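In what follows, a single structure is set out as structure tokens and then discussed.
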Amino acid sequence: MAQIGYIRVSTVDQSTARQLADYSLDKTFTDKASAKTVERPQLKACLDYIREGDVLHVHSIDRLARDLRDLQDLIEQINRKGCSVKFHNENLTFSTNQSDAMSKLLLQVMGAFAEFERSLINERRLEGVAQARKRGVVFGAPKKLTDEDIEKMRADVEMGIPKSKIAERYNVSRATLYRALAA
């Protein structure tokens, strides 16, 4: 019976140090990606690695799943392998021998709260973006090309200059050139 840890932070510059630091684990898998991202290679590796009798330790429900359906699917997948999942923050454990109604209710309630919390965070983020835009904040990378540059590019295209040469001259990718010409 191995003690396996799964740790996830949303961005590469966030620290994983606070998650599961106080627990003795045989192996740990760490993803640095948003939970809404389907591509979590270390989670996949973790699910492939675990064996019957293992316990998967996770800091909190929101570190494992994107939403309630994802949470239920992951726990079911882990339990089918004969493994348990322990969420330390919520002090909940879900194992193959815990298929009672109360365990299922707790899982759904906690998962729903985690999903609700993410929705609130996203709403606040969107409100903040809207307020910032009203104040004149511009998001995204600055434009690489001016309107004048785009007009010169169109003239170059009409003269028959290869688009790869035009892109090279303006130090942009061909994709950027095509987008600029299409606008």
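Each chain in the structure tokens gets a letter, A, B, ..., in the order shown, and its residues are numbered from 1; ligands are numbered from 1 in order too.
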
If you take only C-alpha atoms and a cut-off of 8 Å, which residues of stretch 51-166 of chain A touch stretch 3-15 of chain A, and what are their nearest atom pairs and distances in Å to one decimal, in chain and number order, as a tab-separated table?
residue	atom	partner	partner_atom	distance
A:Asp54	CA	A:Gln3	CA	6.0
A:Val55	CA	A:Gln3	CA	5.1
A:Leu56	CA	A:Ile4	CA	4.8
A:His57	CA	A:Gly5	CA	4.7
A:Val58	CA	A:Tyr6	CA	5.4
A:His59	CA	A:Ile7	CA	7.1
A:Arg63	CA	A:Arg8	CA	5.5
A:Leu64	CA	A:Arg8	CA	7.3

Compile the contact shell of A:Ala45 as a list in words: residues with an atom at most 12 Å away, counting only C-alpha atoms, same-chain residues fewer than 2 positions apart removed.
Ile4, Gly5, Tyr6, Lys27, Thr28, Phe29, Thr30, Asp31, Glu39, Arg40, Pro41, Gln42, Leu43, Leu47, Asp48, Tyr49 and Ile50 of chain A

Saved selection, atoms kept: C-alpha atoms, as a PDB file, in the first residue's frame:
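The resulting result.pdb:
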ATOM      1  CA  ILE A   4       0.800   8.761  -3.362  1.00  0.00           C
ATOM      2  CA  GLY A   5       0.448  12.553  -3.559  1.00  0.00           C
ATOM      3  CA  TYR A   6      -1.097  14.688  -6.278  1.00  0.00           C
ATOM      4  CA  LYS A  27       5.679   9.281  -4.664  1.00  0.00           C
ATOM      5  CA  THR A  28       4.323  12.678  -5.677  1.00  0.00           C
ATOM      6  CA  PHE A  29       2.940  13.916  -8.987  1.00  0.00           C
ATOM      7  CA  THR A  30       2.824  17.682  -9.585  1.00  0.00           C
ATOM      8  CA  ASP A  31       1.011  19.646 -12.295  1.00  0.00           C
ATOM      9  CA  GLU A  39      -4.166  18.471 -20.266  1.00  0.00           C
ATOM     10  CA  ARG A  40      -2.772  17.585 -16.862  1.00  0.00           C
ATOM     11  CA  PRO A  41      -0.006  15.114 -17.724  1.00  0.00           C
ATOM     12  CA  GLN A  42       1.032  14.418 -14.152  1.00  0.00           C
ATOM     13  CA  LEU A  43      -2.548  13.596 -13.138  1.00  0.00           C
ATOM     14  CA  LEU A  47      -3.762   7.616 -12.385  1.00  0.00           C
ATOM     15  CA  ASP A  48      -1.679   5.201 -14.462  1.00  0.00           C
ATOM     16  CA  TYR A  49       0.720   4.652 -11.531  1.00  0.00           C
ATOM     17  CA  ILE A  50      -1.650   3.925  -8.647  1.00  0.00           C
TER      18      ILE A  50
END

Hey, what does DSSP flag as helix (DSSP H, G or I) within stretch 78-163 of chain A? Can you give it to me as a ChimeraX atom specification?
/A:78-80,101-134,147-158,163

Atoms kept (N, CA and C atoms) for selection, written as a compact mmCIF listing (two decimals), in the first residue's frame:
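The file below, selection.txt, is the result:
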# COMPACT_ATOMS: atom_id res chain seq x y z
N ILE A 78 -10.52 6.18 -9.66
CA ILE A 78 -9.53 5.80 -8.63
C ILE A 78 -10.07 4.65 -7.78
N ASN A 79 -11.32 4.72 -7.38
CA ASN A 79 -11.92 3.66 -6.56
C ASN A 79 -12.01 2.34 -7.33
N ARG A 80 -12.28 2.41 -8.65
CA ARG A 80 -12.34 1.18 -9.46
C ARG A 80 -11.00 0.45 -9.45
N ALA A 101 -24.62 6.13 0.99
CA ALA A 101 -25.30 7.34 0.54
C ALA A 101 -24.69 8.60 1.13
N MET A 102 -24.26 8.57 2.38
CA MET A 102 -23.69 9.75 3.03
C MET A 102 -22.38 10.16 2.36
N SER A 103 -21.55 9.21 2.02
CA SER A 103 -20.29 9.53 1.34
C SER A 103 -20.55 10.18 -0.01
N LYS A 104 -21.52 9.64 -0.74
CA LYS A 104 -21.86 10.21 -2.04
C LYS A 104 -22.41 11.62 -1.88
N LEU A 105 -23.24 11.84 -0.87
CA LEU A 105 -23.78 13.17 -0.62
C LEU A 105 -22.67 14.16 -0.30
N LEU A 106 -21.75 13.78 0.59
CA LEU A 106 -20.64 14.66 0.95
C LEU A 106 -19.80 15.00 -0.28
N LEU A 107 -19.52 14.02 -1.10
CA LEU A 107 -18.74 14.24 -2.31
C LEU A 107 -19.43 15.26 -3.21
N GLN A 108 -20.73 15.08 -3.42
CA GLN A 108 -21.46 15.98 -4.31
C GLN A 108 -21.58 17.38 -3.73
N VAL A 109 -21.82 17.48 -2.43
CA VAL A 109 -21.95 18.80 -1.80
C VAL A 109 -20.61 19.55 -1.85
N MET A 110 -19.53 18.87 -1.46
CA MET A 110 -18.22 19.52 -1.46
C MET A 110 -17.80 19.87 -2.89
N GLY A 111 -18.06 18.99 -3.84
CA GLY A 111 -17.72 19.27 -5.23
C GLY A 111 -18.53 20.45 -5.77
N ALA A 112 -19.80 20.51 -5.39
CA ALA A 112 -20.65 21.62 -5.83
C ALA A 112 -20.15 22.94 -5.25
N PHE A 113 -19.73 22.93 -3.98
CA PHE A 113 -19.20 24.15 -3.37
C PHE A 113 -17.91 24.58 -4.06
N ALA A 114 -17.04 23.64 -4.40
CA ALA A 114 -15.79 23.98 -5.09
C ALA A 114 -16.09 24.58 -6.46
N GLU A 115 -17.06 23.99 -7.17
CA GLU A 115 -17.44 24.51 -8.48
C GLU A 115 -18.06 25.90 -8.36
N PHE A 116 -18.89 26.10 -7.34
CA PHE A 116 -19.52 27.39 -7.09
C PHE A 116 -18.45 28.45 -6.79
N GLU A 117 -17.47 28.08 -5.97
CA GLU A 117 -16.39 29.01 -5.62
C GLU A 117 -15.61 29.44 -6.87
N ARG A 118 -15.31 28.48 -7.75
CA ARG A 118 -14.61 28.82 -8.99
C ARG A 118 -15.44 29.76 -9.85
N SER A 119 -16.77 29.54 -9.88
CA SER A 119 -17.65 30.42 -10.65
C SER A 119 -17.62 31.83 -10.09
N LEU A 120 -17.64 31.95 -8.76
CA LEU A 120 -17.58 33.28 -8.13
C LEU A 120 -16.26 33.98 -8.44
N ILE A 121 -15.17 33.23 -8.38
CA ILE A 121 -13.85 33.80 -8.68
C ILE A 121 -13.83 34.31 -10.11
N ASN A 122 -14.39 33.52 -11.04
CA ASN A 122 -14.41 33.94 -12.44
C ASN A 122 -15.28 35.18 -12.63
N GLU A 123 -16.43 35.24 -11.95
CA GLU A 123 -17.29 36.43 -12.04
C GLU A 123 -16.55 37.67 -11.55
N ARG A 124 -15.85 37.54 -10.42
CA ARG A 124 -15.10 38.69 -9.88
C ARG A 124 -13.98 39.11 -10.83
N ARG A 125 -13.34 38.13 -11.44
CA ARG A 125 -12.28 38.43 -12.40
C ARG A 125 -12.85 39.22 -13.59
N LEU A 126 -13.98 38.76 -14.11
CA LEU A 126 -14.60 39.44 -15.25
C LEU A 126 -15.06 40.85 -14.87
N GLU A 127 -15.58 41.02 -13.66
CA GLU A 127 -15.96 42.35 -13.19
C GLU A 127 -14.74 43.25 -13.11
N GLY A 128 -13.65 42.72 -12.60
CA GLY A 128 -12.41 43.49 -12.51
C GLY A 128 -11.89 43.90 -13.87
N VAL A 129 -11.96 43.00 -14.82
CA VAL A 129 -11.52 43.31 -16.19
C VAL A 129 -12.40 44.41 -16.78
N ALA A 130 -13.71 44.29 -16.58
CA ALA A 130 -14.63 45.31 -17.11
C ALA A 130 -14.34 46.68 -16.50
N GLN A 131 -14.11 46.72 -15.19
CA GLN A 131 -13.79 47.98 -14.52
C GLN A 131 -12.47 48.55 -15.03
N ALA A 132 -11.48 47.70 -15.22
CA ALA A 132 -10.19 48.15 -15.72
C ALA A 132 -10.32 48.71 -17.13
N ARG A 133 -11.11 48.07 -17.97
CA ARG A 133 -11.32 48.57 -19.34
C ARG A 133 -11.98 49.94 -19.32
N LYS A 134 -12.93 50.13 -18.38
CA LYS A 134 -13.58 51.45 -18.26
C LYS A 134 -12.56 52.52 -17.89
N ASP A 147 -1.02 50.74 -38.43
CA ASP A 147 -1.87 50.76 -39.61
C ASP A 147 -1.04 51.08 -40.86
N GLU A 148 -0.06 51.94 -40.67
CA GLU A 148 0.84 52.30 -41.77
C GLU A 148 1.63 51.08 -42.25
N ASP A 149 2.13 50.29 -41.29
CA ASP A 149 2.86 49.07 -41.63
C ASP A 149 1.98 48.13 -42.47
N ILE A 150 0.73 47.99 -42.06
CA ILE A 150 -0.18 47.07 -42.75
C ILE A 150 -0.44 47.55 -44.17
N GLU A 151 -0.59 48.86 -44.34
CA GLU A 151 -0.79 49.39 -45.69
C GLU A 151 0.43 49.13 -46.57
N LYS A 152 1.64 49.30 -46.00
CA LYS A 152 2.86 49.02 -46.75
C LYS A 152 2.94 47.54 -47.12
N MET A 153 2.52 46.68 -46.19
CA MET A 153 2.52 45.25 -46.47
C MET A 153 1.58 44.91 -47.63
N ARG A 154 0.41 45.52 -47.62
CA ARG A 154 -0.55 45.28 -48.71
C ARG A 154 0.05 45.72 -50.06
N ALA A 155 0.73 46.83 -50.03
CA ALA A 155 1.37 47.31 -51.26
C ALA A 155 2.45 46.32 -51.71
N ASP A 156 3.22 45.80 -50.76
CA ASP A 156 4.27 44.82 -51.08
C ASP A 156 3.66 43.56 -51.68
N VAL A 157 2.53 43.12 -51.13
CA VAL A 157 1.86 41.93 -51.66
C VAL A 157 1.41 42.18 -53.09
N GLU A 158 0.84 43.36 -53.32
CA GLU A 158 0.38 43.70 -54.68
C GLU A 158 1.53 43.76 -55.68
N LYS A 163 5.25 36.64 -49.35
CA LYS A 163 4.77 36.98 -48.00
C LYS A 163 5.79 36.61 -46.92

Sel. of strand (DSSP E or B) residues, stretch 28-167 of chain A, as a PyMOL selection string
chain A and resi 28-32+55-58+84-87+92-94

Could you please take those selected residues and save all heavy atoms as a short mmCIF file (atom, residue, chain, number, x, y, z; two decimals), in the first residue's frame?
data_model
loop_
_atom_site.label_atom_id
_atom_site.label_comp_id
_atom_site.auth_asym_id
_atom_site.auth_seq_id
_atom_site.Cartn_x
_atom_site.Cartn_y
_atom_site.Cartn_z
N THR A 28 5.16 11.50 -5.48
CA THR A 28 4.32 12.68 -5.68
C THR A 28 4.30 13.05 -7.16
O THR A 28 5.33 13.00 -7.83
CB THR A 28 4.87 13.87 -4.86
OG1 THR A 28 4.93 13.49 -3.49
CG2 THR A 28 3.97 15.08 -4.98
N PHE A 29 3.13 13.44 -7.62
CA PHE A 29 2.94 13.92 -8.99
C PHE A 29 2.49 15.36 -8.90
O PHE A 29 1.57 15.68 -8.14
CB PHE A 29 1.88 13.08 -9.71
CG PHE A 29 2.28 11.64 -9.90
CD1 PHE A 29 2.07 10.71 -8.90
CD2 PHE A 29 2.89 11.22 -11.07
CE1 PHE A 29 2.44 9.39 -9.06
CE2 PHE A 29 3.27 9.91 -11.24
CZ PHE A 29 3.05 8.98 -10.23
N THR A 30 3.12 16.25 -9.67
CA THR A 30 2.82 17.68 -9.58
C THR A 30 2.53 18.26 -10.96
O THR A 30 3.33 18.12 -11.88
CB THR A 30 4.01 18.44 -8.97
OG1 THR A 30 4.30 17.88 -7.69
CG2 THR A 30 3.70 19.92 -8.81
N ASP A 31 1.37 18.92 -11.08
CA ASP A 31 1.01 19.65 -12.29
C ASP A 31 1.02 21.13 -11.99
O ASP A 31 0.61 21.55 -10.92
CB ASP A 31 -0.40 19.27 -12.78
CG ASP A 31 -0.42 18.05 -13.68
OD1 ASP A 31 0.50 17.92 -14.51
OD2 ASP A 31 -1.36 17.24 -13.55
N LYS A 32 1.48 21.91 -12.95
CA LYS A 32 1.40 23.37 -12.85
C LYS A 32 0.54 23.83 -14.02
O LYS A 32 1.04 24.23 -15.06
CB LYS A 32 2.79 24.00 -12.88
CG LYS A 32 3.59 23.66 -11.63
CD LYS A 32 4.85 24.46 -11.50
CE LYS A 32 5.50 24.18 -10.15
NZ LYS A 32 6.55 25.11 -9.85
N VAL A 55 -3.24 4.83 -1.47
CA VAL A 55 -4.02 5.98 -1.04
C VAL A 55 -3.47 7.20 -1.78
O VAL A 55 -2.28 7.48 -1.73
CB VAL A 55 -3.92 6.22 0.49
CG1 VAL A 55 -4.71 7.45 0.89
CG2 VAL A 55 -4.41 4.99 1.25
N LEU A 56 -4.38 7.89 -2.47
CA LEU A 56 -3.99 9.12 -3.18
C LEU A 56 -4.33 10.29 -2.28
O LEU A 56 -5.48 10.49 -1.91
CB LEU A 56 -4.75 9.24 -4.52
CG LEU A 56 -4.45 10.50 -5.32
CD1 LEU A 56 -2.98 10.59 -5.70
CD2 LEU A 56 -5.33 10.56 -6.56
N HIS A 57 -3.31 11.06 -1.92
CA HIS A 57 -3.48 12.23 -1.05
C HIS A 57 -3.53 13.49 -1.91
O HIS A 57 -2.67 13.70 -2.76
CB HIS A 57 -2.30 12.34 -0.08
CG HIS A 57 -2.21 11.17 0.85
ND1 HIS A 57 -2.75 11.19 2.11
CD2 HIS A 57 -1.65 9.94 0.70
CE1 HIS A 57 -2.52 10.03 2.71
NE2 HIS A 57 -1.86 9.25 1.86
N VAL A 58 -4.55 14.32 -1.66
CA VAL A 58 -4.72 15.57 -2.39
C VAL A 58 -5.02 16.65 -1.36
O VAL A 58 -5.78 16.42 -0.42
CB VAL A 58 -5.88 15.48 -3.42
CG1 VAL A 58 -5.99 16.76 -4.23
CG2 VAL A 58 -5.70 14.27 -4.33
N SER A 84 -7.95 4.51 -2.56
CA SER A 84 -8.71 5.53 -1.82
C SER A 84 -8.17 6.91 -2.18
O SER A 84 -7.02 7.05 -2.59
CB SER A 84 -8.54 5.34 -0.31
OG SER A 84 -9.01 4.08 0.08
N VAL A 85 -9.02 7.92 -2.00
CA VAL A 85 -8.61 9.32 -2.19
C VAL A 85 -8.85 10.04 -0.89
O VAL A 85 -9.95 9.99 -0.34
CB VAL A 85 -9.44 10.02 -3.30
CG1 VAL A 85 -8.91 11.43 -3.53
CG2 VAL A 85 -9.45 9.23 -4.57
N LYS A 86 -7.82 10.73 -0.39
CA LYS A 86 -7.95 11.50 0.84
C LYS A 86 -7.73 12.97 0.52
O LYS A 86 -6.68 13.34 0.02
CB LYS A 86 -6.95 11.04 1.89
CG LYS A 86 -7.04 11.84 3.19
CD LYS A 86 -6.29 11.18 4.31
CE LYS A 86 -6.37 11.95 5.60
NZ LYS A 86 -7.69 12.26 6.07
N PHE A 87 -8.76 13.79 0.82
CA PHE A 87 -8.66 15.24 0.67
C PHE A 87 -8.37 15.82 2.05
O PHE A 87 -9.23 15.77 2.93
CB PHE A 87 -9.96 15.82 0.09
CG PHE A 87 -10.26 15.33 -1.28
CD1 PHE A 87 -11.22 14.35 -1.50
CD2 PHE A 87 -9.58 15.84 -2.38
CE1 PHE A 87 -11.49 13.89 -2.78
CE2 PHE A 87 -9.85 15.39 -3.66
CZ PHE A 87 -10.81 14.41 -3.86
N LEU A 92 -11.79 14.54 4.14
CA LEU A 92 -12.67 13.54 3.55
C LEU A 92 -11.83 12.45 2.88
O LEU A 92 -10.83 12.74 2.23
CB LEU A 92 -13.58 14.16 2.49
CG LEU A 92 -14.64 15.13 2.97
CD1 LEU A 92 -15.32 15.79 1.78
CD2 LEU A 92 -15.67 14.42 3.83
N THR A 93 -12.29 11.21 3.03
CA THR A 93 -11.66 10.09 2.35
C THR A 93 -12.74 9.31 1.61
O THR A 93 -13.80 9.04 2.17
CB THR A 93 -10.95 9.16 3.35
OG1 THR A 93 -9.96 9.91 4.06
CG2 THR A 93 -10.28 7.99 2.64
N PHE A 94 -12.45 8.97 0.37
CA PHE A 94 -13.37 8.18 -0.43
C PHE A 94 -12.65 6.92 -0.87
O PHE A 94 -11.63 6.99 -1.53
CB PHE A 94 -13.86 8.97 -1.65
CG PHE A 94 -14.62 10.21 -1.25
CD1 PHE A 94 -13.98 11.43 -1.20
CD2 PHE A 94 -15.95 10.13 -0.89
CE1 PHE A 94 -14.67 12.57 -0.81
CE2 PHE A 94 -16.65 11.25 -0.49
CZ PHE A 94 -16.01 12.48 -0.45
#
